[in-house]
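Written out below as structure tokens is the structure these notes cover.
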Amino acid sequence: MRTVLVTGGAGFIGSNFVRMVLQEHRDIRVVNLDKLTYAGNLENLADCRNHPNHIFVKGDICDAPMVSEIVNKYQIDAIINFAAESHVDRSLVEPGVFIETNIYGTLTLLKIALEKKMERFVQISTDEVYGSLGPDGKFTEMTPLSPNSPYSASKAAADMLVRAFGHSWGLRYNITRCSNNYGPYQFPEKMIPLMINNALNDKPLPVYGDGLHVRDWLYVYDHCTAVWDVFIKAQPGTIYNIGGNNEKHNLDVVRLILSHLGKPESLITYVKDRPGHDRRYAIDSSKIMSDLNWKPSLQFEEGISKTIQWYLDHKDWLNHIVSGQYQEYYKTMYSNR
Ligand code: NAD
Ligand code: DAU
């Protein structure tokens, strides 16, 4: 049985990935290392906690002795690194922790992966490393990196470190760069769950700027299957873009959420724009589709219905999050905006 260290496995995408692996790949043991920051939540894995192939460890990817210890103890064969500070707005307020986790944390994992001669290191990156698009075109794997926020700058730096470990010392790595994910267990600081939560509570829906920014949405399960395919099938040293070909204006997404929930458009409130807000993302996924035969299973209209229904069915999960520290966060970010 192969043992994979999945970092950040209590977060949004990581928890969906851990669940998928445990359910669909029974010959894999997952050691899930997560610091349980504000974004990490063991309730995301309530149904998997006692799975025989799942070991959860609370810890920081920057803590080299601890990471070495668990790598030795569980004889880790490969690392898939989801752990990160992931929210652009927070990076604009407090960038330091993004540098620590996203760059220094990745460096810590890379050193250990190299020292232990691991079979693979998969870095979960983002399309935001490419910067922003004009009205036409899509990001390919050849698009130059041009990150615009402290978050995306920290992710781009991590990508460069991963590449350098491959180039200098032959580390067998892959990098995945995915577009915006949505689906179950997403922390309600991100646009889709934030808008769902506000709409459910008849609170204003804060749309940044003119609302005409474009994101290319991918259902989280489809991101997970793509990462799995890269882990299992990709040649070392290759980078893959992942996207769903679902470009939408933010305003259209918000309107769709309101219409699904039977709430009025008068809840939409235009607020001050995010500094340096990237205008448009769009992903060309043709490389992963042709090399690895991956394709997304859901289009946006189906995925968003499923997602809204999930939040309706998991109001306790949502209410638990928004009743804590989140209130303070929301006040700081949105009052006087
Ligand atoms: P998330 O914020 O929901 O989860 C991040 C997880 O990492 C949390 O469980 C948190 O506790 C953990 N973590 C943070 N710092 C840590 C540390 N120092 N040590 C150990 N664990 C730590 O993020 P997400 O949206 O699930 O994103 C996961 C990864 O995917 C990130 O690397 C992100 O850059 C990337 N990504 C996200 C999206 C998206 O749309 N959400 C798209 C493309 C790529
Ligand atoms: O593209 C991949 C990236 O997608 C990931 O790397 C990031 O981790 C993830 O957070 C996400 O970044 P975005 O900044 O695109 O996601 P967010 O959900 O914060 O915002 C989506 C769009 O909605 C963006 O144009 C800003 C806008 N927005 C967001 C919030 C939170 C609003 O208009 N109002 C809001 O309250």
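Chain labels follow the order of the structure tokens: the first chain is A, the next B, and so on; residue numbering restarts at 1 in every chain, and ligands are counted from 1 in their shown order.
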Excluding range 255-261 of chain A and residues on its chain fewer than 3 positions from it, collect all residues at most 7 Å away from it, counting only C-alpha atoms, and give them as a PDB file with N, CA, C and O atoms, in the first residue's frame.
```
ATOM      1  N   ILE A 196     -24.089  32.810  -0.851  1.00  0.00           N
ATOM      2  CA  ILE A 196     -25.174  31.899  -0.450  1.00  0.00           C
ATOM      3  C   ILE A 196     -25.573  32.190   1.001  1.00  0.00           C
ATOM      4  O   ILE A 196     -26.759  32.332   1.328  1.00  0.00           O
ATOM      5  N   ALA A 199     -27.393  35.544   1.282  1.00  0.00           N
ATOM      6  CA  ALA A 199     -28.741  35.460   0.711  1.00  0.00           C
ATOM      7  C   ALA A 199     -29.674  34.696   1.655  1.00  0.00           C
ATOM      8  O   ALA A 199     -30.811  35.122   1.906  1.00  0.00           O
ATOM      9  N   LEU A 251     -21.299  39.018 -11.387  1.00  0.00           N
ATOM     10  CA  LEU A 251     -22.687  39.453 -11.222  1.00  0.00           C
ATOM     11  C   LEU A 251     -23.670  38.364 -11.674  1.00  0.00           C
ATOM     12  O   LEU A 251     -24.716  38.146 -11.037  1.00  0.00           O
ATOM     13  N   ASP A 252     -23.322  37.672 -12.736  1.00  0.00           N
ATOM     14  CA  ASP A 252     -24.218  36.609 -13.216  1.00  0.00           C
ATOM     15  C   ASP A 252     -24.283  35.456 -12.219  1.00  0.00           C
ATOM     16  O   ASP A 252     -25.342  34.858 -12.018  1.00  0.00           O
ATOM     17  N   PRO A 264     -34.596  38.347  -3.685  1.00  0.00           N
ATOM     18  CA  PRO A 264     -34.652  39.456  -4.642  1.00  0.00           C
ATOM     19  C   PRO A 264     -33.279  40.012  -5.023  1.00  0.00           C
ATOM     20  O   PRO A 264     -32.358  40.015  -4.199  1.00  0.00           O
ATOM     21  N   GLU A 265     -33.160  40.510  -6.251  1.00  0.00           N
ATOM     22  CA  GLU A 265     -31.890  41.102  -6.700  1.00  0.00           C
ATOM     23  C   GLU A 265     -31.570  42.392  -5.956  1.00  0.00           C
ATOM     24  O   GLU A 265     -30.439  42.881  -6.007  1.00  0.00           O
TER      25      GLU A 265
END
```
Exercise for the section: Find the residues around range 156-158 of chain A up to 6 Å (only C-alpha atoms counted), leave out those fewer than 2 positions away in its own chain, and share them as a list in words. Expected result: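 Using only C-alpha atoms, the neighbours found are Ile103, Val129, Ala153, Ser154, Met160 and Leu161 of chain A.
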Restricting it to N, CA, C and O atoms, dump the selection as a short mmCIF file (atom, residue, chain, number, x, y, z; two decimals), in the first residue's frame.
```cif
data_model
loop_
_atom_site.label_atom_id
_atom_site.label_comp_id
_atom_site.auth_asym_id
_atom_site.auth_seq_id
_atom_site.Cartn_x
_atom_site.Cartn_y
_atom_site.Cartn_z
N ILE A 103 5.39 29.89 0.98
CA ILE A 103 6.76 29.77 0.45
C ILE A 103 7.64 28.93 1.39
O ILE A 103 8.15 27.88 1.01
N VAL A 129 -1.28 32.71 -10.64
CA VAL A 129 0.14 33.02 -10.86
C VAL A 129 0.35 33.69 -12.22
O VAL A 129 1.35 34.38 -12.44
N ALA A 153 1.55 36.05 -5.57
CA ALA A 153 3.02 36.17 -5.60
C ALA A 153 3.65 35.05 -4.77
O ALA A 153 4.65 34.45 -5.17
N SER A 154 3.03 34.75 -3.62
CA SER A 154 3.59 33.68 -2.78
C SER A 154 3.44 32.32 -3.46
O SER A 154 4.33 31.46 -3.36
N MET A 160 8.20 28.34 -8.33
CA MET A 160 9.58 28.49 -8.79
C MET A 160 10.53 27.62 -7.96
O MET A 160 11.49 27.04 -8.48
N LEU A 161 10.25 27.54 -6.66
CA LEU A 161 11.08 26.69 -5.80
C LEU A 161 10.94 25.22 -6.20
O LEU A 161 11.92 24.48 -6.26
#
```
Exercise for the section: For range 70-73 of chain A, please output as a PyMOL selection string all residues within 12 Å (counting only C-alpha atoms; exclusion window: fewer than 6 positions along the same chain). Expected result: chain A and resi 3-7+30-33+55-61+63-64+79+109+112-118
Exercise for the section: Write out as a PyMOL selection string all residues of range 45-277 of chain A that DSSP puts in helix (DSSP H, G or I) for this structure's backbone. Expected result: chain A and resi 45+64-74+88-93+96-115+127-130+150-169+191-200+220-233+250-261+265-267
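The shortest atom-to-atom distance to ligand 2, with only C-alpha atoms and all ligand atoms taken into account, belongs to A:Pro147 out of A:Pro135, A:Gly262, A:Pro236, A:Pro147.
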Practice task
Based on DSSP run over this structure's backbone, return all residues of range 25-264 of chain A in strand (DSSP E or B), as a count of residues only.
Solution key: 49
Could I get the residues of chain A with an atom no further than 9 Å from an atom of ligand 2, each paired with its nearest atom pair and that distance in Å to one decimal, using only C-alpha atoms and all ligand atoms, sorted by chain and residue number, as a Markdown table?
```
| residue | atom | partner | partner_atom_place_in_ligand_line | distance |
| --- | --- | --- | --- | --- |
| A:Ala84 | CA | ligand 2 | 8 (O) | 8.4 |
| A:Glu85 | CA | ligand 2 | 8 (O) | 7.7 |
| A:Ser86 | CA | ligand 2 | 8 (O) | 4.1 |
| A:His87 | CA | ligand 2 | 10 (O) | 4.5 |
| A:Val88 | CA | ligand 2 | 14 (O) | 5.2 |
| A:Asp89 | CA | ligand 2 | 19 (O) | 6.7 |
| A:Ser125 | CA | ligand 2 | 6 (O) | 7.1 |
| A:Thr126 | CA | ligand 2 | 6 (O) | 4.5 |
| A:Asp127 | CA | ligand 2 | 1 (O) | 5.2 |
| A:Glu128 | CA | ligand 2 | 1 (O) | 5.2 |
| A:Val129 | CA | ligand 2 | 6 (O) | 8.2 |
| A:Tyr151 | CA | ligand 2 | 8 (O) | 7.9 |
| A:Ser152 | CA | ligand 2 | 6 (O) | 7.1 |
| A:Lys155 | CA | ligand 2 | 6 (O) | 8.4 |
| A:Arg177 | CA | ligand 2 | 2 (C) | 8.1 |
| A:Cys178 | CA | ligand 2 | 2 (C) | 6.1 |
| A:Ser179 | CA | ligand 2 | 1 (O) | 4.1 |
| A:Asn180 | CA | ligand 2 | 4 (O) | 4.0 |
| A:Asn181 | CA | ligand 2 | 4 (O) | 6.6 |
| A:Tyr182 | CA | ligand 2 | 18 (O) | 8.7 |
| A:Pro188 | CA | ligand 2 | 31 (C) | 8.1 |
| A:Glu189 | CA | ligand 2 | 31 (C) | 5.5 |
| A:Lys190 | CA | ligand 2 | 18 (O) | 3.5 |
| A:Met191 | CA | ligand 2 | 18 (O) | 3.7 |
| A:Ile192 | CA | ligand 2 | 18 (O) | 6.4 |
| A:Pro193 | CA | ligand 2 | 18 (O) | 8.4 |
| A:Leu194 | CA | ligand 2 | 36 (O) | 6.6 |
| A:Met195 | CA | ligand 2 | 36 (O) | 7.2 |
| A:Leu205 | CA | ligand 2 | 36 (O) | 7.3 |
| A:Pro206 | CA | ligand 2 | 36 (O) | 5.1 |
| A:Val207 | CA | ligand 2 | 33 (O) | 3.7 |
| A:Tyr208 | CA | ligand 2 | 33 (O) | 3.8 |
| A:Gly209 | CA | ligand 2 | 33 (O) | 7.1 |
| A:Asp210 | CA | ligand 2 | 33 (O) | 8.6 |
| A:Gly211 | CA | ligand 2 | 33 (O) | 6.1 |
| A:Leu212 | CA | ligand 2 | 25 (O) | 8.2 |
| A:His213 | CA | ligand 2 | 25 (O) | 5.3 |
| A:Val214 | CA | ligand 2 | 25 (O) | 6.5 |
| A:Arg215 | CA | ligand 2 | 15 (O) | 6.4 |
| A:Asp216 | CA | ligand 2 | 1 (O) | 7.5 |
| A:Trp217 | CA | ligand 2 | 1 (O) | 8.3 |
| A:His249 | CA | ligand 2 | 25 (O) | 8.3 |
| A:Asn250 | CA | ligand 2 | 23 (O) | 5.7 |
| A:Leu251 | CA | ligand 2 | 33 (O) | 7.8 |
| A:Val254 | CA | ligand 2 | 33 (O) | 8.7 |
| A:Tyr270 | CA | ligand 2 | 33 (O) | 8.2 |
| A:Val271 | CA | ligand 2 | 33 (O) | 8.0 |
| A:Asp273 | CA | ligand 2 | 33 (O) | 7.7 |
| A:Arg274 | CA | ligand 2 | 26 (C) | 7.2 |
| A:His277 | CA | ligand 2 | 25 (O) | 6.9 |
| A:Asp278 | CA | ligand 2 | 25 (O) | 6.9 |
| A:Arg279 | CA | ligand 2 | 25 (O) | 7.1 |
| A:Arg280 | CA | ligand 2 | 25 (O) | 7.9 |
| A:Tyr281 | CA | ligand 2 | 1 (O) | 6.9 |
| A:Ala282 | CA | ligand 2 | 1 (O) | 8.9 |
| A:Met333 | CA | ligand 2 | 36 (O) | 8.9 |
| A:Tyr334 | CA | ligand 2 | 36 (O) | 8.0 |
```
